[in-house]
Each structure stands twice: as structure tokens, then as C-alpha cells.
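Trainee: Dropping in structure_19.csv, which is CSV, C-alpha atoms and all ligand atoms:
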```
chain,number,residue,atom,x,y,z
P,1,MET,CA,20.0,23.8,-37.5
P,2,ASN,CA,18.4,20.4,-38.1
P,3,ARG,CA,18.4,18.3,-35.0
P,4,ARG,CA,16.5,15.0,-35.0
P,5,ARG,CA,13.8,15.5,-32.4
P,6,LEU,CA,13.5,13.3,-29.4
P,7,VAL,CA,10.3,12.5,-27.5
P,8,VAL,CA,10.6,10.9,-24.0
P,9,GLY,CA,7.8,9.6,-21.9
P,10,ASN,CA,8.2,10.1,-18.2
P,11,TRP,CA,5.8,7.6,-16.7
P,12,LYS,CA,6.6,8.9,-13.2
P,13,MET,CA,5.1,6.5,-10.5
P,14,HIS,CA,2.4,5.1,-12.8
P,15,GLY,CA,1.9,1.8,-14.3
P,16,SER,CA,1.2,-1.9,-13.7
P,17,ARG,CA,2.4,-4.9,-15.6
P,18,PRO,CA,-0.8,-5.2,-17.7
P,19,ALA,CA,-1.1,-1.5,-18.2
P,20,ASN,CA,2.5,-1.2,-19.3
P,21,ALA,CA,2.1,-4.1,-21.7
P,22,ALA,CA,-0.9,-2.4,-23.3
P,23,LEU,CA,0.8,1.0,-23.5
P,24,LEU,CA,4.0,-0.4,-25.0
P,25,ASP,CA,2.1,-2.5,-27.4
P,26,GLY,CA,0.1,0.6,-28.6
P,27,ILE,CA,3.4,2.5,-29.1
P,28,LEU,CA,5.0,-0.4,-31.0
P,29,GLN,CA,1.9,-0.9,-33.2
P,30,ALA,CA,2.0,2.7,-34.2
P,31,ARG,CA,5.7,2.5,-35.0
P,32,PRO,CA,6.4,6.2,-34.7
P,33,VAL,CA,9.1,7.1,-37.2
P,34,GLY,CA,11.0,10.2,-38.1
P,35,CYS,CA,12.0,11.1,-34.5
P,36,GLU,CA,13.7,9.4,-31.6
P,37,VAL,CA,11.4,7.9,-29.0
P,38,ALA,CA,12.0,6.7,-25.5
P,39,VAL,CA,10.1,5.8,-22.3
P,40,CYS,CA,11.5,6.3,-18.8
P,41,VAL,CA,9.7,3.8,-16.6
P,42,PRO,CA,9.7,3.0,-12.8
P,43,PHE,CA,12.7,0.9,-11.9
P,44,PRO,CA,10.8,-2.4,-11.2
P,45,TYR,CA,9.5,-2.3,-14.8
P,46,LEU,CA,12.8,-1.7,-16.5
P,47,SER,CA,13.6,-5.4,-17.1
P,48,GLU,CA,10.2,-6.2,-18.7
P,49,THR,CA,10.2,-3.0,-20.7
P,50,ALA,CA,13.6,-3.8,-22.1
P,51,ALA,CA,12.4,-7.3,-23.1
P,52,THR,CA,9.5,-5.8,-24.9
P,53,LEU,CA,11.3,-3.0,-26.7
P,54,VAL,CA,14.6,-4.7,-27.6
P,55,GLY,CA,14.9,-4.8,-31.3
P,56,SER,CA,12.5,-1.9,-31.8
P,57,ASP,CA,13.3,1.7,-32.4
P,58,VAL,CA,11.9,2.7,-29.0
P,59,ARG,CA,14.6,3.2,-26.3
P,60,TRP,CA,14.0,3.0,-22.6
P,61,GLY,CA,15.4,4.6,-19.5
P,62,ALA,CA,15.1,5.3,-15.8
P,63,GLN,CA,13.8,8.3,-13.9
P,64,ASP,CA,16.7,8.7,-11.6
P,65,CYS,CA,20.2,7.4,-11.1
P,66,SER,CA,22.4,7.3,-8.0
P,67,ALA,CA,25.5,9.4,-7.9
P,68,HIS,CA,27.3,6.5,-6.3
P,69,GLU,CA,28.8,3.5,-8.0
P,70,GLN,CA,27.8,0.9,-5.4
P,71,GLY,CA,27.6,0.5,-1.7
P,72,ALA,CA,25.4,1.0,1.4
P,73,TYR,CA,22.8,3.3,-0.2
P,74,THR,CA,19.5,1.6,0.6
P,75,GLY,CA,16.9,2.2,-2.1
P,76,GLU,CA,19.3,3.7,-4.6
P,77,VAL,CA,19.9,2.3,-8.1
P,78,SER,CA,23.3,2.7,-9.8
P,79,ALA,CA,24.2,3.7,-13.3
P,80,VAL,CA,26.0,0.3,-13.7
P,81,MET,CA,22.6,-1.4,-13.0
P,82,LEU,CA,20.8,0.8,-15.5
P,83,ALA,CA,23.5,0.1,-18.1
P,84,GLU,CA,23.1,-3.6,-17.5
P,85,LEU,CA,19.4,-3.3,-18.3
P,86,GLY,CA,20.2,-1.5,-21.5
P,87,CYS,CA,19.0,1.9,-20.4
P,88,ARG,CA,19.8,4.5,-23.0
P,89,TYR,CA,18.6,7.4,-20.7
P,90,ALA,CA,18.3,8.4,-17.1
P,91,ILE,CA,16.3,11.5,-16.1
P,92,VAL,CA,18.1,13.4,-13.4
P,93,GLY,CA,17.1,16.5,-11.5
P,94,HIS,CA,13.4,16.3,-12.2
P,95,SER,CA,11.7,19.1,-10.3
P,96,GLU,CA,9.7,16.6,-8.3
P,97,ARG,CA,12.9,15.1,-7.0
P,98,ARG,CA,14.6,18.4,-6.4
P,99,ALA,CA,11.5,19.5,-4.4
P,100,MET,CA,10.5,16.3,-2.6
P,101,HIS,CA,13.9,14.8,-2.1
P,102,ALA,CA,15.9,18.0,-1.6
P,103,GLU,CA,18.2,17.3,-4.5
P,104,SER,CA,20.8,20.0,-4.8
P,105,ASP,CA,22.2,21.3,-8.1
P,106,GLN,CA,25.5,19.5,-7.3
P,107,LEU,CA,23.8,16.2,-6.5
P,108,VAL,CA,22.0,16.4,-9.8
P,109,ALA,CA,25.3,17.1,-11.5
P,110,ASP,CA,26.9,14.2,-9.8
P,111,LYS,CA,24.1,11.9,-10.9
P,112,ALA,CA,24.5,13.1,-14.5
P,113,LYS,CA,28.2,12.3,-14.3
P,114,ALA,CA,27.6,8.9,-12.9
P,115,ALA,CA,25.1,8.1,-15.7
P,116,LEU,CA,27.4,9.3,-18.4
P,117,GLY,CA,30.3,7.4,-17.0
P,118,ARG,CA,28.4,4.2,-17.7
P,119,GLY,CA,27.2,5.2,-21.1
P,120,VAL,CA,23.7,6.2,-20.0
P,121,THR,CA,22.7,9.6,-21.4
P,122,PRO,CA,21.4,11.9,-18.6
P,123,ILE,CA,18.4,13.9,-19.3
P,124,VAL,CA,19.0,16.9,-17.0
P,125,CYS,CA,15.9,18.8,-16.0
P,126,VAL,CA,16.0,22.5,-15.2
P,127,GLY,CA,13.2,24.9,-14.6
P,128,GLU,CA,11.8,27.7,-12.4
P,129,THR,CA,8.8,27.7,-10.0
P,130,LEU,CA,6.0,30.2,-10.5
P,131,ALA,CA,7.3,32.3,-7.7
P,132,GLN,CA,10.7,32.5,-9.3
P,133,ARG,CA,9.2,33.4,-12.7
P,134,GLU,CA,7.1,36.1,-11.2
P,135,ALA,CA,10.1,37.5,-9.4
P,136,GLY,CA,12.0,37.7,-12.7
P,137,GLN,CA,14.4,35.0,-11.7
P,138,THR,CA,13.8,32.5,-14.5
P,139,GLU,CA,17.1,33.1,-16.3
P,140,ALA,CA,19.2,33.1,-13.1
P,141,VAL,CA,17.6,29.9,-11.8
P,142,VAL,CA,17.9,27.8,-15.0
P,143,LYS,CA,21.5,29.0,-15.6
P,144,ARG,CA,22.5,28.1,-12.1
P,145,GLN,CA,21.0,24.7,-12.4
P,146,LEU,CA,22.7,24.0,-15.8
P,147,SER,CA,26.0,25.6,-14.8
P,148,ALA,CA,26.5,23.0,-12.0
P,149,VAL,CA,26.1,20.2,-14.5
P,150,ILE,CA,28.3,21.8,-17.2
P,151,HIS,CA,31.1,22.3,-14.6
P,152,THR,CA,30.9,18.8,-13.3
P,153,LEU,CA,30.7,17.1,-16.7
P,154,ALA,CA,33.5,19.3,-18.1
P,155,HIS,CA,34.5,18.1,-21.5
P,156,CYS,CA,31.7,15.6,-21.6
P,157,ALA,CA,29.0,18.3,-21.2
P,158,GLY,CA,28.0,18.0,-24.8
P,159,GLU,CA,26.8,14.4,-24.2
P,160,MET,CA,23.8,15.2,-22.1
P,161,VAL,CA,20.3,16.0,-23.1
P,162,VAL,CA,18.8,19.0,-21.3
P,163,ALA,CA,15.1,19.3,-20.5
P,164,TYR,CA,13.5,22.7,-19.7
P,165,GLU,CA,10.5,22.0,-17.5
P,166,PRO,CA,8.9,25.1,-15.9
P,167,VAL,CA,7.6,23.8,-12.6
P,168,TRP,CA,4.4,25.8,-12.9
P,169,ALA,CA,3.6,23.9,-16.2
P,170,ILE,CA,4.1,20.4,-14.9
P,171,GLY,CA,0.9,18.5,-14.5
P,172,THR,CA,-1.2,21.7,-14.4
P,173,GLY,CA,-2.5,21.7,-18.0
P,174,LEU,CA,-0.9,25.1,-18.3
P,175,SER,CA,1.9,24.7,-20.8
P,176,ALA,CA,4.5,27.5,-21.4
P,177,SER,CA,3.6,29.2,-24.7
P,178,PRO,CA,5.9,28.3,-27.5
P,179,GLU,CA,7.5,31.8,-27.3
P,180,GLN,CA,8.0,31.6,-23.5
P,181,ALA,CA,9.6,28.2,-23.9
P,182,GLN,CA,11.8,29.2,-26.9
P,183,ALA,CA,13.1,32.2,-24.9
P,184,VAL,CA,14.4,30.0,-22.2
P,185,HIS,CA,15.7,27.4,-24.7
P,186,ALA,CA,17.7,30.0,-26.4
P,187,LEU,CA,19.3,31.1,-23.2
P,188,LEU,CA,20.2,27.5,-22.4
P,189,ARG,CA,21.6,27.0,-25.9
P,190,ALA,CA,23.8,30.0,-25.5
P,191,GLN,CA,25.0,28.7,-22.2
P,192,LEU,CA,25.8,25.3,-23.7
P,193,ARG,CA,27.6,27.0,-26.7
P,194,ALA,CA,30.0,28.6,-24.3
P,195,ALA,CA,30.8,25.1,-22.8
P,196,ALA,CA,30.5,22.5,-25.5
P,197,PRO,CA,31.9,22.7,-29.0
P,198,HIS,CA,28.9,21.0,-30.6
P,199,ALA,CA,26.1,22.7,-28.6
P,200,ASP,CA,24.3,23.3,-31.8
P,201,VAL,CA,23.5,19.5,-32.1
P,202,MET,CA,22.6,19.0,-28.5
P,203,LYS,CA,19.0,18.3,-27.7
P,204,ILE,CA,17.0,20.6,-25.4
P,205,LEU,CA,13.6,19.2,-24.7
P,206,TYR,CA,10.6,21.0,-23.4
P,207,GLY,CA,8.4,19.5,-20.7
P,208,GLY,CA,5.3,20.7,-19.0
P,209,SER,CA,1.7,19.9,-20.1
P,210,VAL,CA,2.8,18.8,-23.6
P,211,LYS,CA,-0.3,17.4,-25.3
P,212,PRO,CA,-1.2,16.3,-28.9
P,213,ASP,CA,-2.8,19.8,-29.5
P,214,ASN,CA,0.2,21.9,-28.5
P,215,ALA,CA,3.1,19.7,-29.4
P,216,LEU,CA,3.6,20.9,-32.9
P,217,ALA,CA,3.7,24.6,-32.0
P,218,LEU,CA,6.2,23.9,-29.3
P,219,PHE,CA,8.4,21.7,-31.4
P,220,SER,CA,8.4,24.2,-34.3
P,221,GLN,CA,10.4,26.6,-32.2
P,222,PRO,CA,14.1,26.8,-33.3
P,223,ASP,CA,15.6,25.6,-30.1
P,224,ILE,CA,13.0,23.1,-29.0
P,225,ASP,CA,14.2,19.7,-30.0
P,226,GLY,CA,11.4,17.5,-28.7
P,227,GLY,CA,9.6,16.9,-25.4
P,228,LEU,CA,9.6,15.2,-22.0
P,229,ILE,CA,6.1,14.1,-21.6
P,230,GLY,CA,4.4,13.2,-18.3
P,231,GLY,CA,0.6,12.6,-18.3
P,232,ALA,CA,0.2,12.3,-22.0
P,233,SER,CA,2.8,9.6,-22.2
P,234,LEU,CA,0.5,7.2,-20.3
P,235,LYS,CA,-2.0,7.1,-23.2
P,236,ALA,CA,-0.6,5.4,-26.3
P,237,ALA,CA,-2.7,7.4,-28.7
P,238,ASP,CA,-1.6,10.8,-27.2
P,239,PHE,CA,2.0,9.8,-26.9
P,240,VAL,CA,2.1,8.6,-30.5
P,241,ALA,CA,0.4,11.8,-31.7
P,242,ILE,CA,3.1,13.8,-29.9
P,243,CYS,CA,5.8,11.6,-31.6
P,244,ARG,CA,4.1,12.3,-34.9
P,245,ALA,CA,4.2,16.0,-34.3
P,246,ALA,CA,7.9,15.7,-33.5
P,247,ALA,CA,8.5,13.9,-36.8
P,248,GLN,CA,7.0,16.8,-38.9
G,1,LIG,P1,3.2,16.7,-17.6
G,1,LIG,O1,3.4,16.4,-19.1
G,1,LIG,O2,2.2,15.7,-16.9
G,1,LIG,O3,2.9,18.1,-17.3
G,1,LIG,O4,4.6,16.3,-16.9
G,1,LIG,C1,5.8,16.9,-17.4
G,1,LIG,C2,6.9,16.3,-16.7
G,1,LIG,O5,7.2,16.4,-15.6
G,1,LIG,C3,7.8,15.4,-17.5
G,1,LIG,O6,8.9,15.1,-16.9
```
Could I get this file's structure written as C-alpha cells?

Mentor:
Amino acid sequence: MNRRRLVVGNWKMHGSRPANAALLDGILQARPVGCEVAVCVPFPYLSETAATLVGSDVRWGAQDCSAHEQGAYTGEVSAVMLAELGCRYAIVGHSERRAMHAESDQLVADKAKAALGRGVTPIVCVGETLAQREAGQTEAVVKRQLSAVIHTLAHCAGEMVVAYEPVWAIGTGLSASPEQAQAVHALLRAQLRAAAPHADVMKILYGGSVKPDNALALFSQPDIDGGLIGGASLKAADFVAICRAAAQ
């Protein structure tokens, strides 16, 4: 199955206006082609990022999205606002938010639904902790996390992007091996197949210490359709090298 690969930079809470300008300039100068490319930036930088990237092949998005349309939700940002800023993507359910903001599977699913309802593609993150992996619970955990989203999105489930991010591989320099990642991606693909008629064309990204030197091996796996990149997305040269690996 030939799916066009997607590489998404998750800047997390990094950046400054000058640093962002230099990073985006580096990406645009390199003009990565042959794969889809996006950057998910902190909310305050969305407007400027949009102005810089509009008209290029690089898309932009947010790192979260409220489950609510509008109202008294201090600090939240709605899908309507993201759509207004031209966001193509919104990451939802990142493990850092699940852990630090106690986001439940259902809240993540509701956020995905809110995003999709405004034409913003949710990138739904799933993944097990090291303790869960060591207890043999990887399959049960990722299936439970994905299942909540599949049920909530119902007939629209095929519109999301899924990202498998083992928590133990995030920011640790310890990537899952291509085989370990593929094994989980295959499980997720099978679960999507049961729910969405075109699961074979849905993108399942891998995230967790993806670097220029391991990207190609990961992306060569049959069910890995690109990457969600943290640390390495903050250096233009590394991010571009990863995009080039995805284009092969
Ligand atoms: P690192 O690439 O820094 O491990 O982060 C992965 C991640 O969390 C992307 O969402």
C-alpha cells in the first residue's frame, strides 16, 4: 500500500519569534518535496507561522484543541479559532497532556471530534509507558486509547491521523526499534480496518526519538507512514533530513 508519508514537527513549548523565523526559513529554503510536511507550534506563534508558510507546501497546526466550541473555558483554544488561523492539524492526546493534564481517553476523543468538526485534522496520539510495556499491556493500552476515538468519531474515524508514541521513547533518545514500532502499527491498522472502510490509506505516524539516522529504517516499515518529531524538529537541518528520509 502506497501512502504518501507525512512528517510533523511538534515544537512543544519551545521557540521564540527570532528562532521560529530562522527555523521556518531553513525548512522553506530546503523545500522538502516528496512527502507531506507540517509544523505544530505553540498557540501564540500560529498567526505568524501561518503568515510565513502560506503559499508554501508546508502546513501548520496546533498542539491541542479544546473539546468545547466556545464559552467560559479560561486558557482553552477552540477548533473554530484554529480553523480561522488556517490550521491543517491539531495534535490531541499527546502523552505529555494525558500525564500532566490528566486527559482521559474520552476527553481526547472529544477533542478529536471538535477538531474534525471544523475541518482540522486531529493527530491522535496513543502509546504505552515503560511500566505498561514491561507488564505486557502495550496492546491493551493502545487499543483502549484508539477505541475511544473510533467510537466517538464514528463514521468520520477514517479522517484522523494516528500517531503511535511509546512514552518511554519520547525525549529519551531511546527510539522503539523499527520492528517494535511496526508491530504496534500493524495492531492499530487492524483496529482501524474494522472501523473505517479506507483504513489502508489512513496515516499512522511513529513518534519517539526520531532522528535523521533512524528515520529511514522506521519509515521503511509497511505500516509506518511518517513521523511526529519532537526534539529533532527544532533544528532545520535535522527536520529536513527526516523529511528527506520520508520522501524516499
Ligand atoms: P522526541 O522526538 O523529542 O522524542 O518527541 C517525540 C514527541 O513527543 C513528538 O510528539

Trainee: How close does each residue of chain P get to ligand LIG 1 (chain G), giving the shortest atom pair and distance in Å to one decimal for every residue with an atom at most 6 Å away, counting all atoms listed in the file, sorted by chain and residue number, as a Markdown table?

Mentor:
```
| residue | atom | partner | partner_atom | distance |
| --- | --- | --- | --- | --- |
| P:Asn10 | CA | G:LIG1 | O6 | 5.2 |
| P:Ala169 | CA | G:LIG1 | O3 | 5.9 |
| P:Ile170 | CA | G:LIG1 | O3 | 3.5 |
| P:Gly171 | CA | G:LIG1 | O3 | 3.5 |
| P:Gly207 | CA | G:LIG1 | C1 | 4.9 |
| P:Gly208 | CA | G:LIG1 | O3 | 3.9 |
| P:Ser209 | CA | G:LIG1 | O3 | 3.5 |
| P:Val210 | CA | G:LIG1 | O1 | 5.1 |
| P:Leu228 | CA | G:LIG1 | C3 | 4.9 |
| P:Ile229 | CA | G:LIG1 | O1 | 4.3 |
| P:Gly230 | CA | G:LIG1 | O4 | 3.4 |
| P:Gly231 | CA | G:LIG1 | O2 | 3.8 |
| P:Ala232 | CA | G:LIG1 | O1 | 6.0 |
```

Trainee: Choose the residue, out of P:Lys211, P:Arg193, P:His68, P:Arg144, that has the smallest atom-to-atom separation from P:Ala176; count all atoms listed in the file.

Mentor: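 Checking each of P:Lys211, P:Arg193, P:His68, P:Arg144 against P:Ala176, counting all atoms listed in the file, the winner is P:Lys211.
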
Trainee: List the neighbours of stretch 62-64 of chain P out to 10 Å using all atoms listed in the file; skip same-chain residues closer than 4 positions along the sequence, and give me the result as a PyMOL selection string.

Mentor: chain P and resi 10-13+39-46+76-79+82+85+87-94+97+108+111-112+115+120+122-123

Trainee: Using all atoms listed in the file, determine which residues lie at most 9 Å from stretch 23-36 of chain P, disregarding the query and same-chain residues fewer than 4 positions distant; provide the list as a list in words.

Mentor: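 The neighbour list is Arg4, Arg5, Leu6, Val7, Val8, Pro18, Ala19, Thr49, Thr52, Leu53, Ser56, Asp57, Val58, Arg59, Gly226, Ser233, Leu234, Lys235, Ala236, Ala237, Phe239, Val240, Ala241, Cys243, Arg244, Ala246, Ala247 and Gln248 of chain P.
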
Trainee: Tell me which of P:Ser104, P:Gln191, P:Ser175, P:Thr121 sits closest to P:Val142, counting only C-alpha atoms.

Mentor: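 Nearest candidate to P:Val142 out of P:Ser104, P:Gln191, P:Ser175, P:Thr121: P:Gln191.
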
Trainee: Excluding P:Ile204 and its own-chain neighbours fewer than 3 positions away, which residues fall within 9 Å of it when counting only C-alpha atoms? Please give them as a VMD selection string.

Mentor: chain P and resid 161 to 164 185 188 to 189 223 to 227

Trainee: What is the atom CA of P:Ala190 to atom CA of P:Ser177 distance in Å?

Mentor: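 Spanning atom CA of P:Ala190 to atom CA of P:Ser177 is a straight-line distance of 20.2 Å.
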
Trainee: Using all atoms listed in the file, find all polymer residues with an atom at most 10 Å away from the point (33.7, 21.3, -24.4); report them as JSON, numbers by chain.

Mentor: {"P": [150, 153, 154, 155, 156, 157, 158, 159, 192, 193, 194, 195, 196, 197, 198, 199]}

Trainee: Out of P:Tyr206, P:Leu174, P:Pro222, P:Val184, which residue has the shortest atom-to-atom distance to P:Ala140 when counting all atoms listed in the file?

Mentor: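 Of the candidates, the smallest distance to P:Ala140 is held by P:Val184.
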
Trainee: What lies within 7 Å of P:Pro212 using only C-alpha atoms, ignoring chain neighbours under 2 positions off, as number ranges by chain?

Mentor: P: 214-215, 238, 241-242

Trainee: In Å, with one decimal, what is the gap from atom CA of P:Leu205 to atom CA of P:Gly75?

Mentor: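 Interatomic distance here is 28.5 Å.
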
Trainee: Which residues are close to P:Asp110, i.e. within 8 Å by only C-alpha atoms, leaving aside same-chain residues fewer than 6 positions away? Reply as JSON, numbers by chain.

Mentor: {"P": [67, 149, 152]}

Trainee: I'd like to know which of P:Pro166, P:Leu116, P:Gln180, P:His101 is closest to P:Ala217, using all atoms listed in the file.

Mentor: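 Closest to P:Ala217, using all atoms listed in the file: P:Gln180.
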
Trainee: Taking only C-alpha atoms into account, name the residue in P:His151, P:Glu96, P:Ala22, P:Leu187 that is nearest to P:Glu139.

Mentor: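 Using only C-alpha atoms, P:Glu139 sits closest to P:Leu187.
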
Trainee: Between atom CA of P:Phe219 and atom CA of P:Glu128, what is the distance, to one decimal in Å?

Mentor: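 Distance between the two atoms: 20.2 Å.
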
Trainee: So, counting only C-alpha atoms, which residue among P:Ala109, P:Ala38, P:Ala72, P:Met160 is closest to P:Trp60?

Mentor: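 Of P:Ala109, P:Ala38, P:Ala72, P:Met160, the one nearest P:Trp60 is P:Ala38, counting only C-alpha atoms.
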
Trainee: Using all atoms of stretch 156-175 of chain P that appear in the file, construct an axis-aligned enclosing box with 6 Å of padding on every side and provide its centre coordinates and edge lengths in Å, rounded to one decimal, as AutoDock Vina command-line options.

Mentor:
```
--center_x 14.6 --center_y 20.1 --center_z -18.7 --size_x 46.2 --size_y 23.4 --size_z 24.2
```
